[in-house]
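S.K.: Structure file my_file.cif (mmCIF, C-alpha atoms) is given on the next line.
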```cif
data_my_file
#
loop_
_atom_site.label_atom_id
_atom_site.label_comp_id
_atom_site.auth_asym_id
_atom_site.auth_seq_id
_atom_site.Cartn_x
_atom_site.Cartn_y
_atom_site.Cartn_z
CA LYS A 190 141.99 77.45 83.95
CA GLN A 191 143.97 78.53 86.99
CA GLU A 192 144.57 75.82 89.56
CA VAL A 193 146.22 76.40 92.92
CA THR A 194 147.78 73.56 94.89
CA GLN A 195 149.18 73.61 98.41
CA ILE A 196 151.60 71.08 99.80
CA PRO A 197 151.60 69.61 102.35
CA ALA A 198 147.90 69.32 103.22
CA ALA A 199 148.79 69.02 106.89
CA LEU A 200 151.92 69.55 108.94
CA SER A 201 152.80 68.95 112.58
CA VAL A 202 156.01 70.43 113.99
CA PRO A 203 157.52 71.01 117.43
CA GLU A 204 157.60 74.53 118.80
CA GLY A 205 160.60 76.57 117.69
CA GLU A 206 161.05 74.88 114.34
CA ASN A 207 161.37 76.87 111.12
CA LEU A 208 159.01 75.67 108.40
CA VAL A 209 158.03 76.23 104.78
CA LEU A 210 154.59 76.00 103.23
CA ASN A 211 154.31 75.62 99.49
CA CYS A 212 151.84 76.97 96.97
CA SER A 213 151.88 76.32 93.23
CA PHE A 214 149.71 77.71 90.46
CA THR A 215 149.30 76.71 86.84
CA ASP A 216 148.84 80.06 85.08
CA SER A 217 151.60 82.62 85.58
CA ALA A 218 149.39 85.52 84.41
CA ILE A 219 148.56 86.71 87.89
CA TYR A 220 148.13 90.13 89.49
CA ASN A 221 149.11 89.08 92.97
CA LEU A 222 149.34 86.24 95.45
CA GLN A 223 148.05 86.58 98.98
CA TRP A 224 148.68 84.36 102.00
CA PHE A 225 145.95 84.05 104.62
CA ARG A 226 145.55 82.40 107.97
CA GLN A 227 142.25 80.86 109.05
CA ASP A 228 141.41 79.60 112.51
CA PRO A 229 138.67 76.95 112.77
CA GLY A 230 135.23 78.38 111.99
CA LYS A 231 136.62 81.89 111.61
CA GLY A 232 137.25 84.34 108.81
CA LEU A 233 140.50 84.82 106.94
CA THR A 234 143.31 87.01 108.22
CA SER A 235 145.58 88.48 105.58
CA LEU A 236 149.25 87.73 106.27
CA LEU A 237 151.16 88.89 103.23
CA LEU A 238 150.39 90.17 99.74
CA ILE A 239 152.95 89.84 96.95
CA GLN A 240 152.36 91.79 93.76
CA SER A 241 153.24 90.07 90.50
CA SER A 242 156.25 92.38 90.09
CA GLN A 243 157.66 91.51 93.53
CA ARG A 244 159.83 88.60 94.61
CA GLU A 245 159.14 88.54 98.33
CA GLN A 246 157.45 90.18 101.28
CA THR A 247 158.26 90.01 104.97
CA SER A 248 156.25 90.62 108.11
CA GLY A 249 157.73 89.72 111.47
CA ARG A 250 158.49 86.00 111.51
CA LEU A 251 156.84 85.48 108.12
CA ASN A 252 158.48 85.66 104.72
CA ALA A 253 156.70 84.94 101.47
CA SER A 254 158.39 84.52 98.12
CA LEU A 255 157.01 84.46 94.61
CA ASP A 256 158.47 82.92 91.47
CA LYS A 257 155.95 83.65 88.74
CA SER A 258 157.86 81.91 85.99
CA SER A 259 157.80 78.59 87.81
CA GLY A 260 154.33 79.16 89.30
CA ARG A 261 155.45 78.85 92.89
CA SER A 262 155.23 80.67 96.19
CA THR A 263 156.52 79.73 99.60
CA LEU A 264 155.59 80.95 103.06
CA TYR A 265 158.44 80.68 105.54
CA ILE A 266 157.58 80.78 109.24
CA ALA A 267 160.50 81.25 111.60
CA ALA A 268 160.61 79.99 115.17
CA SER A 269 157.11 78.53 115.09
CA GLN A 270 154.84 78.90 118.14
CA PRO A 271 151.69 77.03 119.25
CA GLY A 272 149.71 80.17 118.41
CA ASP A 273 150.70 79.69 114.77
CA SER A 274 148.48 76.61 114.62
CA ALA A 275 145.86 77.30 111.95
CA THR A 276 145.09 76.64 108.31
CA TYR A 277 147.21 78.65 105.88
CA LEU A 278 145.70 79.45 102.50
CA CYS A 279 147.30 80.95 99.46
CA ALA A 280 145.16 82.78 96.93
CA VAL A 281 146.00 83.93 93.43
CA ARG A 282 144.29 86.84 91.77
CA ARG A 283 144.41 86.23 88.08
CA GLY A 284 144.93 88.86 85.47
CA GLY A 285 142.01 90.68 83.92
CA GLY A 286 139.56 90.71 86.78
CA PHE A 287 138.65 90.30 90.36
CA LYS A 288 138.51 86.55 90.56
CA THR A 289 140.64 85.02 93.28
CA ILE A 290 141.44 81.32 93.28
CA PHE A 291 142.30 79.69 96.59
CA GLY A 292 144.38 76.67 97.33
CA ALA A 293 142.95 74.00 99.61
CA GLY A 294 145.21 75.10 102.45
CA THR A 295 147.82 73.60 104.75
CA ARG A 296 146.67 72.72 108.24
CA LEU A 297 149.54 73.51 110.61
CA PHE A 298 149.83 72.20 114.16
CA VAL A 299 152.68 73.46 116.33
CA LYS A 300 153.24 71.32 119.40
CA ALA A 301 154.32 72.94 122.66
CA ASP B 34 139.57 101.13 110.86
CA THR B 35 140.70 98.02 108.96
CA GLU B 36 137.72 95.89 109.77
CA VAL B 37 135.04 94.13 107.79
CA THR B 38 132.03 93.27 109.94
CA GLN B 39 129.37 90.68 109.23
CA THR B 40 126.02 90.03 110.86
CA PRO B 41 124.64 87.76 112.07
CA LYS B 42 127.44 85.46 113.24
CA HIS B 43 125.15 82.45 113.08
CA LEU B 44 121.90 81.87 111.21
CA VAL B 45 119.58 78.89 111.19
CA MET B 46 116.78 78.94 108.66
CA GLY B 47 114.21 76.65 107.14
CA MET B 48 113.95 76.03 103.42
CA THR B 49 110.91 78.31 103.13
CA ASN B 50 112.39 81.25 105.04
CA LYS B 51 113.71 84.52 103.70
CA LYS B 52 116.73 85.98 105.45
CA SER B 53 119.58 88.39 104.74
CA LEU B 54 123.27 88.51 105.54
CA LYS B 55 124.90 91.88 106.05
CA CYS B 56 128.47 93.04 105.51
CA GLU B 57 129.91 96.45 106.27
CA GLN B 58 133.27 98.16 105.86
CA HIS B 59 134.38 101.73 106.50
CA MET B 60 137.80 101.60 104.86
CA GLY B 61 136.69 103.42 101.73
CA HIS B 62 137.01 100.23 99.71
CA ARG B 63 135.13 100.20 96.42
CA ALA B 64 135.18 96.47 95.68
CA MET B 65 133.23 94.00 97.83
CA TYR B 66 132.92 90.23 97.56
CA TRP B 67 130.83 87.32 98.76
CA TYR B 68 132.45 83.90 99.19
CA LYS B 69 131.02 80.57 100.26
CA GLN B 70 133.14 78.13 102.22
CA LYS B 71 132.16 74.55 102.96
CA ALA B 72 133.82 72.66 105.79
CA LYS B 73 137.48 71.84 105.14
CA LYS B 74 137.32 73.46 101.69
CA PRO B 75 138.73 76.74 100.39
CA PRO B 76 136.48 79.77 99.88
CA GLU B 77 134.69 79.95 96.54
CA LEU B 78 133.84 83.27 94.98
CA MET B 79 130.11 84.00 94.53
CA PHE B 80 129.76 87.69 93.66
CA VAL B 81 131.89 90.78 93.18
CA TYR B 82 130.69 94.37 93.35
CA SER B 83 132.81 97.18 92.01
CA TYR B 84 131.70 100.75 92.66
CA GLU B 85 128.32 99.38 93.76
CA LYS B 86 127.75 97.56 90.49
CA LEU B 87 127.70 93.80 90.13
CA SER B 88 130.86 92.82 88.25
CA ILE B 89 131.00 89.07 88.69
CA ASN B 90 128.32 86.45 89.31
CA GLU B 91 129.92 83.03 89.41
CA SER B 92 126.81 81.23 88.15
CA VAL B 93 125.25 81.34 91.60
CA PRO B 94 121.65 80.03 91.90
CA SER B 95 118.98 82.73 91.98
CA ARG B 96 118.00 81.79 95.52
CA PHE B 97 121.03 83.92 96.46
CA SER B 98 120.47 87.59 95.65
CA PRO B 99 123.21 90.16 96.34
CA GLU B 100 122.64 93.84 96.88
CA CYS B 101 125.03 96.76 97.35
CA PRO B 102 122.99 99.74 98.61
CA ASN B 103 126.05 101.96 99.06
CA SER B 104 129.83 101.79 99.00
CA SER B 105 130.08 100.58 102.61
CA LEU B 106 127.35 97.98 102.70
CA LEU B 107 126.82 94.62 101.03
CA ASN B 108 123.84 92.35 101.57
CA LEU B 109 123.10 88.78 100.55
CA HIS B 110 119.40 87.95 100.43
CA LEU B 111 118.50 84.30 100.89
CA HIS B 112 115.30 82.60 99.82
CA ALA B 113 114.22 78.98 99.42
CA LEU B 114 117.65 77.63 100.29
CA GLN B 115 118.58 73.98 100.33
CA PRO B 116 120.38 72.06 103.11
CA GLU B 117 123.47 71.86 100.88
CA ASP B 118 123.68 75.66 101.07
CA SER B 119 124.77 75.34 104.69
CA ALA B 120 128.25 76.86 104.87
CA LEU B 121 130.34 79.74 106.16
CA TYR B 122 129.59 82.87 104.11
CA LEU B 123 132.48 85.28 103.98
CA CYS B 124 132.48 88.89 102.90
CA ALA B 125 135.62 90.67 101.75
CA SER B 126 136.60 94.07 100.44
CA SER B 127 139.52 95.63 98.60
CA LEU B 128 140.54 99.19 97.94
CA GLY B 129 139.70 99.56 94.29
CA THR B 130 139.34 98.05 90.88
CA SER B 131 143.03 97.36 90.37
CA GLY B 132 143.78 93.68 90.46
CA GLY B 133 146.72 94.24 92.75
CA ARG B 134 144.71 95.18 95.79
CA GLU B 135 144.80 93.30 99.08
CA GLN B 136 141.55 91.68 100.19
CA PHE B 137 140.33 91.97 103.76
CA PHE B 138 137.84 89.44 105.07
CA GLY B 139 135.13 89.57 107.67
CA PRO B 140 134.60 86.87 110.33
CA GLY B 141 131.83 85.19 108.35
CA THR B 142 128.25 84.09 108.95
CA ARG B 143 127.73 80.42 109.76
CA LEU B 144 124.54 79.44 107.93
CA THR B 145 122.59 76.27 108.65
CA VAL B 146 119.63 75.36 106.44
CA LEU B 147 117.23 72.82 107.94
#
```
Go ahead and express the file in the form of structure tokens.
M.R.:
Amino acid sequence: KQEVTQIPAALSVPEGENLVLNCSFTDSAIYNLQWFRQDPGKGLTSLLLIQSSQREQTSGRLNASLDKSSGRSTLYIAASQPGDSATYLCAVRRGGGFKTIFGAGTRLFVKA
Amino acid sequence: DTEVTQTPKHLVMGMTNKKSLKCEQHMGHRAMYWYKQKAKKPPELMFVYSYEKLSINESVPSRFSPECPNSSLLNLHLHALQPEDSALYLCASSLGTSGGREQFFGPGTRLTVL
């Protein structure tokens, strides 16, 4: 059974700091891994999608990496801003179907 | 148009009511999903439709009844719900049946069952 874990559960950093969010999964037979952002009470915004054959994806200040063999992904946020404050979720789509398993998320607070 | 829309935004219903949640996308996506999210928890998959056919039902109680009338529209019919069903209900869609497709989410419907 696929399990997805995100560390840390919460993180508070000063504005301008570079930071890394971690996601680990137990079954390496995945189709893709997707990082989302969720503001309180809102829907999910897709940030980056990494296919199982890829190692990393970049969008603006965000860089996500994937190491399938070790069951790990990281989301790197450069030069953090108060507007980055949100919960960040990683989600793994397992092989053989549509089921997506989410991690519990990392709540990020960027202080001005 | 890269948007998934959901109506209503908020819904309050009694345990004897019947109501429906609606989700719509015009991106030509052929897979659509319902998720349930409790406070401070990750989303949990409920149903998946692929090409308007139900592909996955994650052992959801029958008081939740999904419907996909066409490729752009997904409904979730609610009947005889319990207070513990109160949650944020999220709809998502992806391009096709390939597992590698990116999912796009709507803003959700906040459901409160009294």
S.K.: Output as number ranges by chain the set of chain B residues within 12 Å of chain A, with distances taken over all atoms listed in the file.
M.R.: B: 35-39, 42-43, 64-83, 87-91, 120-144
S.K.: The PyMOL selection byres ((chain B and resi 114) around 9) on the file shown: which residues, as a PyMOL selection string?
M.R.: chain B and resi 46-51+96-97+111-113+115-119+146
S.K.: Name the residues that the PyMOL selection byres ((chain B and resi 106) around 8) pulls out of this structure, and write them as a ChimeraX atom specification.
M.R.: /B:55-58,101-105,107-108
S.K.: May I have the residues from that selection written out with C-alpha atoms, as a compact mmCIF listing (two decimals), in the frame of the given file?
M.R.:
```txt
# COMPACT_ATOMS: atom_id res chain seq x y z
CA LYS B 55 124.90 91.88 106.05
CA CYS B 56 128.47 93.04 105.51
CA GLU B 57 129.91 96.45 106.27
CA GLN B 58 133.27 98.16 105.86
CA CYS B 101 125.03 96.76 97.35
CA PRO B 102 122.99 99.74 98.61
CA ASN B 103 126.05 101.96 99.06
CA SER B 104 129.83 101.79 99.00
CA SER B 105 130.08 100.58 102.61
CA LEU B 107 126.82 94.62 101.03
CA ASN B 108 123.84 92.35 101.57
```
S.K.: How many Å lie between atom CA of Thr194 of chain A and atom CA of Gln270 of chain A, rounded to one decimal?
M.R.: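 If I compute the distance from atom CA of Thr194 of chain A to atom CA of Gln270 of chain A, I get 24.9 Å.
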S.K.: List as a list in words the protein and nucleic acid residues near Leu200 of chain A, meaning an atom at most 8 Å away when only C-alpha atoms are counted, but skip any in the same chain fewer than 4 places from it.
M.R.: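 Within the cut-off, the hits are Thr295, Arg296, Leu297 and Phe298 of chain A.
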S.K.: Residues near segment 252-256 of chain A, anyone? I mean within 8 Å using all atoms listed in the file, not counting same-chain ones fewer than 3 positions away, as a list in words.
M.R.: Leu222, Leu237, Ile239, Ser241, Gln243, Arg244, Glu245, Gln246, Thr247, Ser248, Gly249, Ser259, Gly260, Arg261, Ser262, Thr263, Leu264, Tyr265 and Ile266 of chain A
S.K.: What is the distance, in Å and to one decimal place, between atom CA of Ser242 of chain A and atom CA of Ser258 of chain A?
M.R.: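 Distance reported for this atom pair: 11.4 Å.
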S.K.: What's the separation between atom CA of Val299 of chain A and atom CA of Ser213 of chain A, in Å to one decimal place?
M.R.: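 Atom-to-atom, atom CA of Val299 of chain A to atom CA of Ser213 of chain A, that is 23.3 Å.
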S.K.: Select, counting all atoms listed in the file, all protein, DNA and RNA residues no farther than 7 Å from (146.5, 78.4, 87.6) in file coordinates, and express the selection as a PyMOL selection string.
M.R.: chain A and resi 190-193+214-217
S.K.: Have segment 109-140 of chain B completed to N, CA and C atoms, please, and pass it along as a PDB file, keeping the file's coordinate frame.
M.R.:
```pdb
ATOM      1  N   LEU B 109     123.385  89.995 101.299  1.00  0.00           N
ATOM      2  CA  LEU B 109     123.100  88.780 100.550  1.00  0.00           C
ATOM      3  C   LEU B 109     121.743  88.270 101.010  1.00  0.00           C
ATOM      4  N   HIS B 110     120.758  88.364 100.115  1.00  0.00           N
ATOM      5  CA  HIS B 110     119.400  87.950 100.430  1.00  0.00           C
ATOM      6  C   HIS B 110     119.229  86.478 100.085  1.00  0.00           C
ATOM      7  N   LEU B 111     118.627  85.756 101.013  1.00  0.00           N
ATOM      8  CA  LEU B 111     118.500  84.300 100.890  1.00  0.00           C
ATOM      9  C   LEU B 111     117.039  83.907 100.851  1.00  0.00           C
ATOM     10  N   HIS B 112     116.694  83.028  99.942  1.00  0.00           N
ATOM     11  CA  HIS B 112     115.300  82.600  99.820  1.00  0.00           C
ATOM     12  C   HIS B 112     115.242  81.190  99.251  1.00  0.00           C
ATOM     13  N   ALA B 113     114.438  80.346  99.904  1.00  0.00           N
ATOM     14  CA  ALA B 113     114.220  78.980  99.420  1.00  0.00           C
ATOM     15  C   ALA B 113     115.532  78.216  99.299  1.00  0.00           C
ATOM     16  N   LEU B 114     116.360  78.317 100.327  1.00  0.00           N
ATOM     17  CA  LEU B 114     117.650  77.630 100.290  1.00  0.00           C
ATOM     18  C   LEU B 114     117.484  76.128 100.513  1.00  0.00           C
ATOM     19  N   GLN B 115     118.527  75.414 100.168  1.00  0.00           N
ATOM     20  CA  GLN B 115     118.580  73.980 100.330  1.00  0.00           C
ATOM     21  C   GLN B 115     119.569  73.618 101.445  1.00  0.00           C
ATOM     22  N   PRO B 116     119.419  72.442 102.053  1.00  0.00           N
ATOM     23  CA  PRO B 116     120.380  72.060 103.110  1.00  0.00           C
ATOM     24  C   PRO B 116     121.827  72.104 102.644  1.00  0.00           C
ATOM     25  N   GLU B 117     122.083  71.840 101.377  1.00  0.00           N
ATOM     26  CA  GLU B 117     123.470  71.860 100.880  1.00  0.00           C
ATOM     27  C   GLU B 117     124.041  73.267 100.792  1.00  0.00           C
ATOM     28  N   ASP B 118     123.198  74.284 101.037  1.00  0.00           N
ATOM     29  CA  ASP B 118     123.680  75.660 101.070  1.00  0.00           C
ATOM     30  C   ASP B 118     124.283  76.018 102.430  1.00  0.00           C
ATOM     31  N   SER B 119     124.169  75.112 103.372  1.00  0.00           N
ATOM     32  CA  SER B 119     124.770  75.340 104.690  1.00  0.00           C
ATOM     33  C   SER B 119     126.281  75.480 104.526  1.00  0.00           C
ATOM     34  N   ALA B 120     126.824  76.563 105.058  1.00  0.00           N
ATOM     35  CA  ALA B 120     128.250  76.860 104.870  1.00  0.00           C
ATOM     36  C   ALA B 120     128.603  78.103 105.667  1.00  0.00           C
ATOM     37  N   LEU B 121     129.872  78.463 105.621  1.00  0.00           N
ATOM     38  CA  LEU B 121     130.340  79.740 106.160  1.00  0.00           C
ATOM     39  C   LEU B 121     130.344  80.737 104.999  1.00  0.00           C
ATOM     40  N   TYR B 122     129.644  81.847 105.160  1.00  0.00           N
ATOM     41  CA  TYR B 122     129.590  82.870 104.110  1.00  0.00           C
ATOM     42  C   TYR B 122     130.486  84.025 104.532  1.00  0.00           C
ATOM     43  N   LEU B 123     131.459  84.284 103.683  1.00  0.00           N
ATOM     44  CA  LEU B 123     132.480  85.280 103.980  1.00  0.00           C
ATOM     45  C   LEU B 123     132.319  86.486 103.065  1.00  0.00           C
ATOM     46  N   CYS B 124     132.466  87.640 103.651  1.00  0.00           N
ATOM     47  CA  CYS B 124     132.480  88.890 102.900  1.00  0.00           C
ATOM     48  C   CYS B 124     133.906  89.423 102.907  1.00  0.00           C
ATOM     49  N   ALA B 125     134.296  90.064 101.832  1.00  0.00           N
ATOM     50  CA  ALA B 125     135.620  90.670 101.750  1.00  0.00           C
ATOM     51  C   ALA B 125     135.526  91.994 101.013  1.00  0.00           C
ATOM     52  N   SER B 126     136.550  92.820 101.179  1.00  0.00           N
ATOM     53  CA  SER B 126     136.600  94.070 100.440  1.00  0.00           C
ATOM     54  C   SER B 126     138.048  94.357 100.050  1.00  0.00           C
ATOM     55  N   SER B 127     138.193  95.164  98.999  1.00  0.00           N
ATOM     56  CA  SER B 127     139.520  95.630  98.600  1.00  0.00           C
ATOM     57  C   SER B 127     139.400  97.076  98.144  1.00  0.00           C
ATOM     58  N   LEU B 128     140.542  97.743  98.083  1.00  0.00           N
ATOM     59  CA  LEU B 128     140.540  99.190  97.940  1.00  0.00           C
ATOM     60  C   LEU B 128     139.870  99.655  96.656  1.00  0.00           C
ATOM     61  N   GLY B 129     140.235  99.041  95.527  1.00  0.00           N
ATOM     62  CA  GLY B 129     139.700  99.560  94.290  1.00  0.00           C
ATOM     63  C   GLY B 129     139.603  98.508  93.223  1.00  0.00           C
ATOM     64  N   THR B 130     139.558  98.968  91.998  1.00  0.00           N
ATOM     65  CA  THR B 130     139.340  98.050  90.880  1.00  0.00           C
ATOM     66  C   THR B 130     140.627  97.433  90.374  1.00  0.00           C
ATOM     67  N   SER B 131     141.766  97.946  90.808  1.00  0.00           N
ATOM     68  CA  SER B 131     143.030  97.360  90.370  1.00  0.00           C
ATOM     69  C   SER B 131     143.171  95.951  90.886  1.00  0.00           C
ATOM     70  N   GLY B 132     143.661  95.066  90.039  1.00  0.00           N
ATOM     71  CA  GLY B 132     143.780  93.680  90.460  1.00  0.00           C
ATOM     72  C   GLY B 132     144.810  93.448  91.533  1.00  0.00           C
ATOM     73  N   GLY B 133     145.669  94.454  91.789  1.00  0.00           N
ATOM     74  CA  GLY B 133     146.720  94.240  92.750  1.00  0.00           C
ATOM     75  C   GLY B 133     146.353  94.496  94.188  1.00  0.00           C
ATOM     76  N   ARG B 134     145.096  94.733  94.464  1.00  0.00           N
ATOM     77  CA  ARG B 134     144.710  95.180  95.790  1.00  0.00           C
ATOM     78  C   ARG B 134     144.521  94.028  96.759  1.00  0.00           C
ATOM     79  N   GLU B 135     144.920  94.281  98.012  1.00  0.00           N
ATOM     80  CA  GLU B 135     144.800  93.300  99.080  1.00  0.00           C
ATOM     81  C   GLU B 135     143.335  93.173  99.487  1.00  0.00           C
ATOM     82  N   GLN B 136     142.905  91.927  99.726  1.00  0.00           N
ATOM     83  CA  GLN B 136     141.550  91.680 100.190  1.00  0.00           C
ATOM     84  C   GLN B 136     141.535  91.515 101.697  1.00  0.00           C
ATOM     85  N   PHE B 137     140.528  92.111 102.326  1.00  0.00           N
ATOM     86  CA  PHE B 137     140.330  91.970 103.760  1.00  0.00           C
ATOM     87  C   PHE B 137     138.989  91.258 103.979  1.00  0.00           C
ATOM     88  N   PHE B 138     139.025  90.270 104.851  1.00  0.00           N
ATOM     89  CA  PHE B 138     137.840  89.440 105.070  1.00  0.00           C
ATOM     90  C   PHE B 138     137.180  89.730 106.409  1.00  0.00           C
ATOM     91  N   GLY B 139     135.869  89.536 106.432  1.00  0.00           N
ATOM     92  CA  GLY B 139     135.130  89.570 107.670  1.00  0.00           C
ATOM     93  C   GLY B 139     135.158  88.213 108.364  1.00  0.00           C
ATOM     94  N   PRO B 140     134.563  88.117 109.559  1.00  0.00           N
ATOM     95  CA  PRO B 140     134.600  86.870 110.330  1.00  0.00           C
ATOM     96  C   PRO B 140     133.656  85.791 109.809  1.00  0.00           C
TER      97      PRO B 140
END
```
